[in-house]
Each structure stands twice: as C-alpha cells, then as structure tokens.
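File shown: protein_32.txt. Contents: compact mmCIF, N, CA and C atoms.
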```txt
# COMPACT_ATOMS: atom_id res chain seq x y z
N MET P 1 183.05 118.82 145.46
CA MET P 1 182.62 120.18 145.66
C MET P 1 181.13 120.27 145.38
N ASP P 2 180.41 120.82 146.32
CA ASP P 2 178.97 120.97 146.16
C ASP P 2 178.65 122.27 145.45
N ARG P 3 177.81 122.15 144.45
CA ARG P 3 177.33 123.35 143.76
C ARG P 3 175.98 123.70 144.36
N LEU P 4 175.81 124.95 144.71
CA LEU P 4 174.57 125.43 145.27
C LEU P 4 173.95 126.42 144.31
N TYR P 5 172.63 126.47 144.31
CA TYR P 5 171.98 127.49 143.50
C TYR P 5 172.18 128.82 144.20
N ALA P 6 172.82 129.74 143.51
CA ALA P 6 173.11 131.05 144.08
C ALA P 6 172.50 132.13 143.22
N GLU P 7 171.98 133.14 143.86
CA GLU P 7 171.47 134.31 143.15
C GLU P 7 172.69 135.09 142.69
N THR P 8 173.05 134.93 141.42
CA THR P 8 174.31 135.47 140.92
C THR P 8 174.27 136.95 140.55
N ALA P 9 173.16 137.43 140.03
CA ALA P 9 173.10 138.83 139.58
C ALA P 9 173.37 139.81 140.73
N PRO P 10 172.71 139.66 141.90
CA PRO P 10 173.01 140.59 143.00
C PRO P 10 174.46 140.51 143.48
N VAL P 11 175.07 139.33 143.41
CA VAL P 11 176.47 139.18 143.81
C VAL P 11 177.35 140.03 142.89
N VAL P 12 177.12 139.93 141.59
CA VAL P 12 177.90 140.71 140.63
C VAL P 12 177.65 142.20 140.84
N GLN P 13 176.41 142.58 141.06
CA GLN P 13 176.07 143.99 141.27
C GLN P 13 176.77 144.54 142.51
N GLU P 14 176.74 143.79 143.60
CA GLU P 14 177.35 144.24 144.85
C GLU P 14 178.87 144.35 144.73
N LEU P 15 179.51 143.33 144.16
CA LEU P 15 180.96 143.36 144.03
C LEU P 15 181.40 144.46 143.06
N ASN P 16 180.64 144.66 142.00
CA ASN P 16 180.97 145.72 141.05
C ASN P 16 180.91 147.09 141.74
N ALA P 17 179.92 147.29 142.58
CA ALA P 17 179.80 148.55 143.32
C ALA P 17 180.99 148.75 144.25
N LEU P 18 181.43 147.69 144.91
CA LEU P 18 182.59 147.79 145.80
C LEU P 18 183.87 148.09 145.01
N LEU P 19 184.03 147.43 143.88
CA LEU P 19 185.23 147.61 143.07
C LEU P 19 185.27 148.97 142.38
N ALA P 20 184.11 149.61 142.26
CA ALA P 20 184.06 150.95 141.66
C ALA P 20 184.92 151.93 142.47
N ALA P 21 185.11 151.65 143.74
CA ALA P 21 185.96 152.50 144.58
C ALA P 21 187.40 152.50 144.10
N LEU P 22 187.85 151.44 143.44
CA LEU P 22 189.20 151.39 142.87
C LEU P 22 189.25 152.15 141.54
N ALA P 23 188.16 152.12 140.81
CA ALA P 23 188.13 152.74 139.48
C ALA P 23 187.94 154.26 139.55
N ARG P 24 187.12 154.70 140.46
CA ARG P 24 186.74 156.11 140.54
C ARG P 24 187.92 157.07 140.65
N PRO P 25 188.89 156.86 141.54
CA PRO P 25 190.00 157.82 141.67
C PRO P 25 190.83 157.97 140.40
N ARG P 26 190.80 156.96 139.53
CA ARG P 26 191.58 157.01 138.29
C ARG P 26 190.73 157.40 137.10
N GLY P 27 189.48 157.76 137.36
CA GLY P 27 188.59 158.18 136.28
C GLY P 27 188.23 157.05 135.33
N ILE P 28 188.28 155.82 135.79
CA ILE P 28 187.93 154.66 134.96
C ILE P 28 186.43 154.43 135.07
N GLU P 29 185.79 154.34 133.93
CA GLU P 29 184.35 154.06 133.88
C GLU P 29 184.15 152.55 134.02
N LEU P 30 183.49 152.14 135.08
CA LEU P 30 183.20 150.74 135.33
C LEU P 30 181.71 150.53 135.13
N SER P 31 181.36 149.76 134.09
CA SER P 31 179.94 149.55 133.79
C SER P 31 179.57 148.08 134.00
N LEU P 32 178.29 147.87 134.23
CA LEU P 32 177.77 146.52 134.46
C LEU P 32 176.49 146.35 133.65
N GLN P 33 176.45 145.25 132.91
CA GLN P 33 175.23 144.83 132.23
C GLN P 33 174.86 143.47 132.81
N ALA P 34 173.76 143.43 133.53
CA ALA P 34 173.34 142.18 134.17
C ALA P 34 171.83 142.25 134.40
N PRO P 35 171.17 141.10 134.38
CA PRO P 35 169.74 141.10 134.71
C PRO P 35 169.56 141.42 136.19
N ASP P 36 168.36 141.82 136.56
CA ASP P 36 168.08 142.11 137.96
C ASP P 36 168.13 140.85 138.81
N SER P 37 167.74 139.73 138.21
CA SER P 37 167.69 138.47 138.95
C SER P 37 168.17 137.34 138.05
N LEU P 38 169.02 136.49 138.60
CA LEU P 38 169.53 135.35 137.85
C LEU P 38 170.10 134.35 138.85
N THR P 39 169.60 133.13 138.81
CA THR P 39 170.05 132.09 139.72
C THR P 39 170.78 131.02 138.92
N TRP P 40 171.91 130.53 139.46
CA TRP P 40 172.71 129.52 138.77
C TRP P 40 173.36 128.61 139.80
N ALA P 41 173.58 127.35 139.43
CA ALA P 41 174.24 126.40 140.32
C ALA P 41 175.75 126.57 140.21
N LEU P 42 176.35 127.11 141.26
CA LEU P 42 177.79 127.32 141.28
C LEU P 42 178.26 127.51 142.71
N ASP P 43 179.55 127.50 142.89
CA ASP P 43 180.15 127.75 144.19
C ASP P 43 180.22 129.26 144.38
N ARG P 44 179.43 129.79 145.31
CA ARG P 44 179.31 131.24 145.49
C ARG P 44 180.65 131.89 145.84
N SER P 45 181.41 131.31 146.75
CA SER P 45 182.68 131.95 147.14
C SER P 45 183.67 131.94 145.98
N GLY P 46 183.70 130.87 145.21
CA GLY P 46 184.56 130.82 144.03
C GLY P 46 184.15 131.86 143.00
N PHE P 47 182.83 132.01 142.80
CA PHE P 47 182.32 132.99 141.85
C PHE P 47 182.70 134.41 142.29
N CYS P 48 182.60 134.69 143.58
CA CYS P 48 183.01 136.00 144.11
C CYS P 48 184.49 136.24 143.87
N SER P 49 185.30 135.23 144.08
CA SER P 49 186.75 135.35 143.85
C SER P 49 187.05 135.64 142.38
N VAL P 50 186.34 134.96 141.49
CA VAL P 50 186.51 135.19 140.05
C VAL P 50 186.20 136.64 139.71
N ILE P 51 185.06 137.14 140.18
CA ILE P 51 184.67 138.52 139.88
C ILE P 51 185.71 139.49 140.42
N ASN P 52 186.08 139.31 141.69
CA ASN P 52 187.07 140.21 142.30
C ASN P 52 188.37 140.23 141.51
N ASN P 53 188.88 139.07 141.16
CA ASN P 53 190.16 139.01 140.46
C ASN P 53 190.08 139.57 139.04
N LEU P 54 189.04 139.22 138.29
CA LEU P 54 188.94 139.71 136.92
C LEU P 54 188.73 141.22 136.86
N VAL P 55 187.84 141.74 137.69
CA VAL P 55 187.56 143.18 137.65
C VAL P 55 188.73 143.97 138.22
N ASP P 56 189.33 143.48 139.31
CA ASP P 56 190.49 144.16 139.88
C ASP P 56 191.63 144.23 138.86
N ASN P 57 191.91 143.14 138.17
CA ASN P 57 192.96 143.14 137.14
C ASN P 57 192.63 144.13 136.02
N ALA P 58 191.38 144.13 135.58
CA ALA P 58 190.99 145.03 134.49
C ALA P 58 191.19 146.48 134.91
N ILE P 59 190.80 146.81 136.13
CA ILE P 59 190.98 148.18 136.62
C ILE P 59 192.47 148.51 136.75
N ARG P 60 193.21 147.59 137.31
CA ARG P 60 194.65 147.79 137.56
C ARG P 60 195.43 148.04 136.26
N TYR P 61 195.07 147.35 135.19
CA TYR P 61 195.84 147.44 133.94
C TYR P 61 195.19 148.36 132.89
N THR P 62 194.17 149.09 133.29
CA THR P 62 193.55 150.07 132.40
C THR P 62 194.06 151.45 132.78
N PRO P 63 194.49 152.24 131.82
CA PRO P 63 195.01 153.57 132.15
C PRO P 63 193.90 154.50 132.66
N ALA P 64 194.32 155.55 133.35
CA ALA P 64 193.38 156.56 133.84
C ALA P 64 192.50 157.04 132.69
N GLY P 65 191.21 157.19 132.98
CA GLY P 65 190.27 157.63 131.96
C GLY P 65 189.75 156.51 131.07
N GLY P 66 190.16 155.28 131.33
CA GLY P 66 189.75 154.14 130.50
C GLY P 66 188.38 153.59 130.89
N ARG P 67 188.08 152.42 130.30
CA ARG P 67 186.79 151.79 130.54
C ARG P 67 186.96 150.32 130.87
N VAL P 68 186.12 149.84 131.78
CA VAL P 68 186.02 148.42 132.12
C VAL P 68 184.54 148.07 132.07
N GLU P 69 184.23 146.98 131.39
CA GLU P 69 182.84 146.55 131.23
C GLU P 69 182.68 145.14 131.77
N VAL P 70 181.65 144.95 132.59
CA VAL P 70 181.31 143.63 133.14
C VAL P 70 179.94 143.25 132.57
N LEU P 71 179.86 142.04 132.05
CA LEU P 71 178.60 141.55 131.47
C LEU P 71 178.29 140.19 132.07
N LEU P 72 177.07 140.04 132.57
CA LEU P 72 176.58 138.76 133.07
C LEU P 72 175.32 138.43 132.29
N GLN P 73 175.30 137.23 131.67
CA GLN P 73 174.13 136.85 130.87
C GLN P 73 174.07 135.34 130.74
N VAL P 74 172.91 134.85 130.33
CA VAL P 74 172.76 133.45 129.97
C VAL P 74 172.69 133.41 128.46
N GLU P 75 173.57 132.60 127.87
CA GLU P 75 173.65 132.47 126.41
C GLU P 75 173.85 130.99 126.08
N SER P 76 172.97 130.44 125.26
CA SER P 76 173.06 129.03 124.84
C SER P 76 173.20 128.09 126.04
N SER P 77 172.33 128.24 127.01
CA SER P 77 172.27 127.38 128.20
C SER P 77 173.54 127.43 129.05
N ALA P 78 174.26 128.53 129.00
CA ALA P 78 175.45 128.70 129.83
C ALA P 78 175.42 130.09 130.46
N LEU P 79 175.92 130.17 131.69
CA LEU P 79 176.08 131.45 132.35
C LEU P 79 177.41 132.04 131.89
N GLU P 80 177.37 133.25 131.36
CA GLU P 80 178.60 133.90 130.89
C GLU P 80 178.89 135.11 131.74
N LEU P 81 180.12 135.20 132.18
CA LEU P 81 180.64 136.39 132.84
C LEU P 81 181.78 136.89 131.98
N ARG P 82 181.65 138.11 131.46
CA ARG P 82 182.70 138.72 130.63
C ARG P 82 183.19 139.98 131.32
N VAL P 83 184.50 140.13 131.35
CA VAL P 83 185.11 141.35 131.85
C VAL P 83 186.07 141.82 130.77
N ARG P 84 185.81 143.03 130.25
CA ARG P 84 186.62 143.57 129.15
C ARG P 84 187.09 144.97 129.50
N ASP P 85 188.25 145.35 128.97
CA ASP P 85 188.77 146.69 129.22
C ASP P 85 189.38 147.26 127.95
N ASN P 86 189.76 148.53 128.00
CA ASN P 86 190.43 149.15 126.86
C ASN P 86 191.85 149.56 127.26
N GLY P 87 192.46 148.73 128.07
CA GLY P 87 193.84 148.97 128.49
C GLY P 87 194.84 148.53 127.43
N ARG P 88 196.04 148.23 127.86
CA ARG P 88 197.10 147.91 126.90
C ARG P 88 197.02 146.48 126.35
N GLY P 89 196.24 145.63 126.99
CA GLY P 89 196.06 144.27 126.48
C GLY P 89 197.19 143.34 126.88
N ILE P 90 197.09 142.12 126.39
CA ILE P 90 198.09 141.09 126.63
C ILE P 90 198.47 140.51 125.28
N ALA P 91 199.75 140.52 124.97
CA ALA P 91 200.21 139.98 123.69
C ALA P 91 199.82 138.50 123.58
N PRO P 92 199.43 138.06 122.40
CA PRO P 92 199.03 136.66 122.22
C PRO P 92 200.06 135.66 122.77
N ALA P 93 201.32 135.96 122.64
CA ALA P 93 202.37 135.05 123.12
C ALA P 93 202.38 134.93 124.64
N GLN P 94 201.83 135.90 125.34
CA GLN P 94 201.81 135.90 126.81
C GLN P 94 200.52 135.35 127.39
N ARG P 95 199.52 135.15 126.58
CA ARG P 95 198.18 134.85 127.09
C ARG P 95 198.09 133.59 127.95
N GLU P 96 198.68 132.52 127.55
CA GLU P 96 198.60 131.31 128.37
C GLU P 96 199.46 131.42 129.63
N ARG P 97 200.53 132.17 129.54
CA ARG P 97 201.43 132.31 130.69
C ARG P 97 200.79 133.09 131.84
N VAL P 98 199.86 134.01 131.55
CA VAL P 98 199.29 134.82 132.62
C VAL P 98 198.47 133.99 133.60
N PHE P 99 198.17 132.74 133.26
CA PHE P 99 197.44 131.86 134.17
C PHE P 99 198.38 131.07 135.09
N GLU P 100 199.68 131.24 134.91
CA GLU P 100 200.66 130.58 135.77
C GLU P 100 200.82 131.37 137.06
N ARG P 101 200.97 130.67 138.17
CA ARG P 101 201.16 131.34 139.46
C ARG P 101 202.42 132.20 139.43
N PHE P 102 202.29 133.40 139.93
CA PHE P 102 203.37 134.38 140.09
C PHE P 102 203.90 134.94 138.78
N TYR P 103 203.30 134.59 137.66
CA TYR P 103 203.77 135.13 136.39
C TYR P 103 203.31 136.57 136.23
N ARG P 104 204.22 137.42 135.81
CA ARG P 104 203.91 138.82 135.53
C ARG P 104 204.37 139.12 134.11
N VAL P 105 203.52 139.80 133.34
CA VAL P 105 203.88 140.17 131.97
C VAL P 105 205.12 141.06 132.03
N PRO P 106 206.14 140.75 131.23
CA PRO P 106 207.35 141.58 131.24
C PRO P 106 207.02 143.06 130.99
N GLY P 107 207.65 143.91 131.78
CA GLY P 107 207.44 145.34 131.65
C GLY P 107 206.29 145.88 132.48
N SER P 108 205.58 145.01 133.23
CA SER P 108 204.47 145.46 134.06
C SER P 108 205.01 146.24 135.25
N SER P 109 204.43 147.41 135.46
CA SER P 109 204.84 148.20 136.62
C SER P 109 203.74 148.26 137.67
N GLU P 110 202.57 147.70 137.36
CA GLU P 110 201.46 147.70 138.29
C GLU P 110 201.75 146.78 139.48
N GLN P 111 201.18 147.13 140.63
CA GLN P 111 201.33 146.31 141.83
C GLN P 111 200.57 145.01 141.63
N GLY P 112 201.08 143.94 142.18
CA GLY P 112 200.38 142.66 142.11
C GLY P 112 201.34 141.52 142.35
N THR P 113 200.76 140.35 142.62
CA THR P 113 201.58 139.17 142.92
C THR P 113 201.65 138.19 141.77
N GLY P 114 200.80 138.36 140.76
CA GLY P 114 200.76 137.40 139.67
C GLY P 114 199.93 136.17 140.03
N LEU P 115 199.03 136.31 140.99
CA LEU P 115 198.21 135.17 141.40
C LEU P 115 196.75 135.26 140.92
N GLY P 116 196.27 136.45 140.63
CA GLY P 116 194.85 136.65 140.33
C GLY P 116 194.30 135.76 139.23
N LEU P 117 194.94 135.75 138.07
CA LEU P 117 194.42 134.94 136.96
C LEU P 117 194.68 133.45 137.16
N ALA P 118 195.72 133.11 137.92
CA ALA P 118 195.94 131.70 138.26
C ALA P 118 194.80 131.20 139.14
N ILE P 119 194.36 132.03 140.07
CA ILE P 119 193.23 131.68 140.93
C ILE P 119 191.97 131.51 140.08
N VAL P 120 191.73 132.43 139.18
CA VAL P 120 190.55 132.34 138.30
C VAL P 120 190.57 131.04 137.51
N LYS P 121 191.72 130.70 136.96
CA LYS P 121 191.84 129.46 136.16
C LYS P 121 191.54 128.23 137.01
N ARG P 122 192.06 128.18 138.23
CA ARG P 122 191.83 127.02 139.11
C ARG P 122 190.35 126.89 139.46
N ILE P 123 189.71 128.01 139.74
CA ILE P 123 188.27 127.98 140.05
C ILE P 123 187.49 127.52 138.84
N ALA P 124 187.82 128.01 137.67
CA ALA P 124 187.14 127.59 136.44
C ALA P 124 187.29 126.08 136.25
N GLU P 125 188.50 125.55 136.44
CA GLU P 125 188.72 124.11 136.29
C GLU P 125 187.90 123.32 137.31
N ARG P 126 187.89 123.78 138.55
CA ARG P 126 187.15 123.10 139.61
C ARG P 126 185.65 123.10 139.32
N GLU P 127 185.15 124.18 138.74
CA GLU P 127 183.72 124.32 138.44
C GLU P 127 183.34 123.69 137.11
N GLY P 128 184.32 123.27 136.32
CA GLY P 128 184.02 122.74 134.99
C GLY P 128 183.61 123.85 134.04
N ALA P 129 184.07 125.06 134.31
CA ALA P 129 183.74 126.22 133.47
C ALA P 129 184.86 126.45 132.47
N ALA P 130 184.50 127.03 131.34
CA ALA P 130 185.49 127.36 130.31
C ALA P 130 185.95 128.80 130.52
N LEU P 131 187.24 129.03 130.43
CA LEU P 131 187.82 130.36 130.56
C LEU P 131 188.53 130.68 129.26
N ASP P 132 188.10 131.76 128.59
CA ASP P 132 188.66 132.12 127.29
C ASP P 132 188.91 133.61 127.19
N PHE P 133 189.86 133.96 126.35
CA PHE P 133 190.08 135.36 126.00
C PHE P 133 189.03 135.77 124.98
N VAL P 134 188.55 136.99 125.10
CA VAL P 134 187.66 137.60 124.12
C VAL P 134 188.22 138.99 123.81
N ASP P 135 187.65 139.63 122.80
CA ASP P 135 188.12 140.96 122.43
C ASP P 135 187.95 141.95 123.58
N GLY P 136 188.91 142.86 123.67
CA GLY P 136 188.80 143.96 124.62
C GLY P 136 187.86 145.02 124.05
N LEU P 137 187.88 146.19 124.63
CA LEU P 137 187.03 147.29 124.20
C LEU P 137 187.78 148.23 123.27
N ASP P 138 187.07 148.85 122.37
CA ASP P 138 187.63 149.88 121.49
C ASP P 138 188.80 149.39 120.64
N GLY P 139 188.77 148.11 120.26
CA GLY P 139 189.83 147.57 119.40
C GLY P 139 191.16 147.36 120.11
N ARG P 140 191.16 147.38 121.44
CA ARG P 140 192.39 147.11 122.19
C ARG P 140 192.00 146.52 123.54
N GLY P 141 192.93 146.46 124.44
CA GLY P 141 192.64 145.92 125.76
C GLY P 141 192.53 144.41 125.72
N VAL P 142 191.90 143.90 126.74
CA VAL P 142 191.74 142.45 126.86
C VAL P 142 190.36 142.16 127.43
N GLY P 143 189.89 140.99 127.12
CA GLY P 143 188.63 140.52 127.69
C GLY P 143 188.78 139.07 128.08
N LEU P 144 188.15 138.71 129.16
CA LEU P 144 188.11 137.31 129.60
C LEU P 144 186.67 136.92 129.81
N MET P 145 186.32 135.70 129.40
CA MET P 145 184.96 135.20 129.55
C MET P 145 185.01 133.85 130.26
N LEU P 146 184.18 133.74 131.27
CA LEU P 146 184.01 132.49 131.99
C LEU P 146 182.61 131.98 131.66
N ARG P 147 182.52 130.71 131.20
CA ARG P 147 181.24 130.10 130.82
C ARG P 147 180.98 128.91 131.73
N TYR P 148 179.92 129.04 132.55
CA TYR P 148 179.47 127.96 133.41
C TYR P 148 178.35 127.23 132.68
N LEU P 149 178.52 125.95 132.44
CA LEU P 149 177.47 125.17 131.78
C LEU P 149 176.41 124.81 132.80
N ALA P 150 175.18 124.62 132.30
CA ALA P 150 174.08 124.27 133.18
C ALA P 150 174.36 122.92 133.85
N ALA P 151 174.02 122.83 135.10
CA ALA P 151 174.28 121.59 135.86
C ALA P 151 173.26 120.53 135.51
```

Please render this file's structure as structure tokens.
Amino acid sequence: MDRLYAETAPVVQELNALLAALARPRGIELSLQAPDSLTWALDRSGFCSVINNLVDNAIRYTPAGGRVEVLLQVESSALELRVRDNGRGIAPAQRERVFERFYRVPGSSEQGTGLGLAIVKRIAEREGAALDFVDGLDGRGVGLMLRYLAA
C-alpha cells in the first residue's frame, strides 16, 4: 500500500461539515478542533473512511441534544485523530468486541450493520496506526483515538 502525503486538515474539515447534516436535526453539537493546514503521509481514502465511520457512529449513538467532538493534531511526532461523544458509552467488557464484523452491542436500537468500527480497525492495521479508546465527554460517552506514526 502506497502512502501519499495528503493535506489532512481540509479533509477533516470538509467531512465534518458534511456529517453535521446528520447531527443538526437531532440538536447534536458537532465541533472540530484542527489546524488550518496539516500534511501527513497516509492513505487518503482510508483516512476519509475512518473519519466517516467514527463521526457517524458518535452521532448515531449520542442522544438528541448531545455533543460530539473531533480533534486533529500532531502530538509527539504522531498524527492524532480523536472522536469523542457524551452518549451512553460502551461497557469495558464490550470494547474489544465492537471491532468485530457485524457485532452490535446488546440492547442497541440504532440503525447500523456493525461494520463501521471493524472497517476502522482494518484501516488502522493496514496503515500501522494505533487505535485506542479514550475518555468520552462530560464523564461519560466514548472516545476513540487513531494515532498515525510519522513515516
């Protein structure tokens, strides 16, 4: 797989603006913290898929009136993409299972196939990126962070 230098900040900004259309009708505040310009060696289509899946999931599982935060930054020579929400979260016992294809957290009533986080995990593995859970917002919810190391 060839890694190309891609202007990542505008990609995140554009996709976040498109995904805001999903958040707006439910009164979900979708915020973005990202530099105006940032270039990184990565697979652009895979990166777009990661953003779409993480932000879509966060919006889907956050209740009306909630918050979803997207952060793009360089920290310790790694590109970090964090998506956090203040939804109901994922129980620690379920966290590794959500990366399995077609797995759905028991009791989920939201629409979906159970493929989004499995796709994110495969892209992270292919890119050599680390995918980890981080704290959600407001002491609840869930957060996921993808760390791309410098090439």

>> as a ChimeraX atom specification, please: the residues near segment 34-36 of chain P (cut-off 6 Å, all atoms listed in the file, same-chain neighbours under 2 positions excluded).
In response: /P:9-10,32,38,71-73

>> Just want the 6.5 Å neighbourhood of segment 12-28 of chain P, counted on only N, CA and C atoms, with same-chain residues fewer than 3 positions away dropped. Output as a list in words.
In response: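 Answer for this query is Thr8, Ala9, Ile59, Pro63, Ala64, Gly65, Gly66, Arg67 and Val68 of chain P.
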
> By how many Å are atom CA of Ala58 of chain P and atom CA of Glu96 of chain P apart?
Replying inline: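 That distance, rounded to one decimal, is 16.8 Å.
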
>> Quick one: residues within 8 Å of Glu7 of chain P, all atoms listed in the file, excluding same-chain residues fewer than 3 positions away - as a list in words?
In response: Leu4, Pro10, Val11, Val12, Ser37, Leu38, Thr39, Trp40, Ala41, Leu42 and Arg44 of chain P

>> Using DSSP secondary structure from the backbone, list all helix (DSSP H, G or I) positions within chain P, as a count of residues only.
In response: 54

>> Env of Leu54 of chain P: 7 Å cut, atoms = all atoms listed in the file, seq-sep filter 5 positions within chain, self excluded. Answer as a ChimeraX atom specification.
In response: /P:49,59,83,116-117

>> To test your reading of the structure, identify every residue in segment 18-100 of chain P that backbone DSSP assigns to strand (DSSP E), and report it as a list in words.
In response: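 Residues of segment 18-100 of chain P classed as strand (DSSP E): Glu29, Leu30, Ser31, Leu32, Gln33, Thr39, Trp40, Ala41, Leu42, Arg67, Val68, Glu69, Val70, Leu71, Leu72, Gln73, Val74, Glu75, Ala78, Leu79, Glu80, Leu81, Arg82, Val83, Arg84 and Asp85 of chain P.
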
> Expressed in Å to a single decimal, how great is the separation between atom C of Leu79 of chain P and atom C of Val55 of chain P?
Replying inline: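 Separation between atom C of Leu79 of chain P and atom C of Val55 of chain P: 17.6 Å.
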
Using all atoms listed in the file, determine which residues lie at most 6.5 Å from segment 120-131 of chain P, disregarding the query and same-chain residues fewer than 2 positions distant; provide the list as a PDB file with N, CA and C atoms, in the coordinates of the input.
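out-v2.pdb, written as the output of this step:
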```pdb
ATOM      1  N   GLY P  46     183.700 130.870 145.210  1.00  0.00           N
ATOM      2  CA  GLY P  46     184.560 130.820 144.030  1.00  0.00           C
ATOM      3  C   GLY P  46     184.150 131.860 143.000  1.00  0.00           C
ATOM      4  N   SER P  49     185.300 135.230 144.080  1.00  0.00           N
ATOM      5  CA  SER P  49     186.750 135.350 143.850  1.00  0.00           C
ATOM      6  C   SER P  49     187.050 135.640 142.380  1.00  0.00           C
ATOM      7  N   VAL P  50     186.340 134.960 141.490  1.00  0.00           N
ATOM      8  CA  VAL P  50     186.510 135.190 140.050  1.00  0.00           C
ATOM      9  C   VAL P  50     186.200 136.640 139.710  1.00  0.00           C
ATOM     10  N   PHE P  99     198.170 132.740 133.260  1.00  0.00           N
ATOM     11  CA  PHE P  99     197.440 131.860 134.170  1.00  0.00           C
ATOM     12  C   PHE P  99     198.380 131.070 135.090  1.00  0.00           C
ATOM     13  N   LEU P 115     199.030 136.310 140.990  1.00  0.00           N
ATOM     14  CA  LEU P 115     198.210 135.170 141.400  1.00  0.00           C
ATOM     15  C   LEU P 115     196.750 135.260 140.920  1.00  0.00           C
ATOM     16  N   GLY P 116     196.270 136.450 140.630  1.00  0.00           N
ATOM     17  CA  GLY P 116     194.850 136.650 140.330  1.00  0.00           C
ATOM     18  C   GLY P 116     194.300 135.760 139.230  1.00  0.00           C
ATOM     19  N   LEU P 117     194.940 135.750 138.070  1.00  0.00           N
ATOM     20  CA  LEU P 117     194.420 134.940 136.960  1.00  0.00           C
ATOM     21  C   LEU P 117     194.680 133.450 137.160  1.00  0.00           C
ATOM     22  N   ALA P 118     195.720 133.110 137.920  1.00  0.00           N
ATOM     23  CA  ALA P 118     195.940 131.700 138.260  1.00  0.00           C
ATOM     24  C   ALA P 118     194.800 131.200 139.140  1.00  0.00           C
ATOM     25  N   PHE P 133     189.860 133.960 126.350  1.00  0.00           N
ATOM     26  CA  PHE P 133     190.080 135.360 126.000  1.00  0.00           C
ATOM     27  C   PHE P 133     189.030 135.770 124.980  1.00  0.00           C
ATOM     28  N   MET P 145     186.320 135.700 129.400  1.00  0.00           N
ATOM     29  CA  MET P 145     184.960 135.200 129.550  1.00  0.00           C
ATOM     30  C   MET P 145     185.010 133.850 130.260  1.00  0.00           C
ATOM     31  N   LEU P 146     184.180 133.740 131.270  1.00  0.00           N
ATOM     32  CA  LEU P 146     184.010 132.490 131.990  1.00  0.00           C
ATOM     33  C   LEU P 146     182.610 131.980 131.660  1.00  0.00           C
ATOM     34  N   ARG P 147     182.520 130.710 131.200  1.00  0.00           N
ATOM     35  CA  ARG P 147     181.240 130.100 130.820  1.00  0.00           C
ATOM     36  C   ARG P 147     180.980 128.910 131.730  1.00  0.00           C
ATOM     37  N   TYR P 148     179.920 129.040 132.550  1.00  0.00           N
ATOM     38  CA  TYR P 148     179.470 127.960 133.410  1.00  0.00           C
ATOM     39  C   TYR P 148     178.350 127.230 132.680  1.00  0.00           C
ATOM     40  N   LEU P 149     178.520 125.950 132.440  1.00  0.00           N
ATOM     41  CA  LEU P 149     177.470 125.170 131.780  1.00  0.00           C
ATOM     42  C   LEU P 149     176.410 124.810 132.800  1.00  0.00           C
TER      43      LEU P 149
END
```

>> Given all atoms listed in the file as the basis, pick out the residue of P:Gly141, P:Val134, P:Val70, P:Ala6 nearest to Ile90 of chain P.
In response: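 So, comparing all the options, the nearest one is P:Gly141.
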
> At what distance in Å, to one decimal, does atom N of Ala150 of chain P lie from atom N of Val74 of chain P?
Replying inline: 10.7 Å
